[in-house]
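Colleague: Starting off with a structure, shown below.
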Amino acid sequence: MTSKKKKEALKKMLLEKKLEIWNEVKHKLFQQLGSEYKSEIDAVLDEGDKALSDLAAETGLTLVDLRKDMLEKIDHALAKLEEGTYGICDDCGNEINEQRLKAVPFAVYCVECKQKREDLEHIERERERFGITPPSEMGEESL
Ligand SMILES: [Zn+2]
């Protein structure tokens, strides 16, 4: 479904988005951490995701975590582009709506599956909040 030209354009857009997020992360890092962390910030720029997670863990930066999530999504979309599965939902295998891909170019789930996932996440959060353990997760061996 994806022509070579379209694929190149998508790749370019995803890479630009990624760069944009990296620049934003870099800016925020300098803003929040200052010169004290200059060498760490440089390492992040050189080494990428791994160094970013290390620095996030070390400094407790949640914003970086948030962006990391988005960077991972973009990488995932780029990988799908290479595989030729870009625009195909990871869950159900249906094509992702074109409007959705325009709005969220790194989407890997169709609207229905994303909604389902969000509902599940919501249920998970409720469970955690009320301390309810679903029977299926209790395991056979536990007494
Ligand atoms: Zn789906």
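Labels for the structure tokens follow display order: chains A, B, ..., residues from 1 in each chain, ligands from 1.
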Distance table requested - chain A against ligand 1, cut-off 12 Å, only C-alpha atoms and all ligand atoms: one row per qualifying residue with the closest atom pair and its distance in Å to one decimal, ordered by chain and rising residue number, as CSV.
Modeller:
residue,atom,partner,partner_atom_place_in_ligand_line,distance
A:Gly87,CA,ligand 1,1 (Zn),10.3
A:Ile88,CA,ligand 1,1 (Zn),7.9
A:Cys89,CA,ligand 1,1 (Zn),4.6
A:Asp90,CA,ligand 1,1 (Zn),6.5
A:Asp91,CA,ligand 1,1 (Zn),4.9
A:Cys92,CA,ligand 1,1 (Zn),4.1
A:Gly93,CA,ligand 1,1 (Zn),6.0
A:Asn94,CA,ligand 1,1 (Zn),5.7
A:Glu95,CA,ligand 1,1 (Zn),7.7
A:Ile96,CA,ligand 1,1 (Zn),7.3
A:Asn97,CA,ligand 1,1 (Zn),10.0
A:Ala107,CA,ligand 1,1 (Zn),10.7
A:Val108,CA,ligand 1,1 (Zn),8.5
A:Tyr109,CA,ligand 1,1 (Zn),5.2
A:Cys110,CA,ligand 1,1 (Zn),4.2
A:Val111,CA,ligand 1,1 (Zn),6.8
A:Glu112,CA,ligand 1,1 (Zn),5.8
A:Cys113,CA,ligand 1,1 (Zn),4.3
A:Lys114,CA,ligand 1,1 (Zn),7.2
A:Gln115,CA,ligand 1,1 (Zn),9.3
A:Lys116,CA,ligand 1,1 (Zn),9.1
A:Arg117,CA,ligand 1,1 (Zn),10.0
Colleague: Give me, as JSON lines, the closest atom pair and its distance (Å, one decimal) for every residue of segment 44-99 of chain A within a cut-off of 8 Å of segment 17-28 of chain A, counting only C-alpha atoms, rows sorted by chain and rising number.
Modeller:
{"residue": "A:Leu45", "atom": "CA", "partner": "A:Lys26", "partner_atom": "CA", "distance": 7.8}
{"residue": "A:Val64", "atom": "CA", "partner": "A:Val25", "partner_atom": "CA", "distance": 6.5}
{"residue": "A:Arg67", "atom": "CA", "partner": "A:Ile21", "partner_atom": "CA", "distance": 7.0}
{"residue": "A:Leu71", "atom": "CA", "partner": "A:Lys18", "partner_atom": "CA", "distance": 6.3}
{"residue": "A:Ile74", "atom": "CA", "partner": "A:Lys18", "partner_atom": "CA", "distance": 6.8}
Colleague: Those residues with C-alpha atoms, as an mmCIF file, in the first residue's frame please?
Modeller:
data_model
loop_
_atom_site.group_PDB
_atom_site.id
_atom_site.type_symbol
_atom_site.label_atom_id
_atom_site.label_comp_id
_atom_site.auth_asym_id
_atom_site.auth_seq_id
_atom_site.Cartn_x
_atom_site.Cartn_y
_atom_site.Cartn_z
ATOM 1 C CA LEU A 45 23.111 13.566 22.528
ATOM 2 C CA VAL A 64 12.194 13.036 29.730
ATOM 3 C CA ARG A 67 9.425 12.132 25.595
ATOM 4 C CA LEU A 71 10.750 8.618 20.849
ATOM 5 C CA ILE A 74 8.602 7.001 16.544
#
Colleague: Pick from A:Phe106, A:Thr62, A:Tyr37, A:Met13: nearest to Lys80 of chain A, with only C-alpha atoms counted?
Modeller: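 Between A:Phe106, A:Thr62, A:Tyr37, A:Met13, the residue approaching Lys80 of chain A most closely is A:Phe106.
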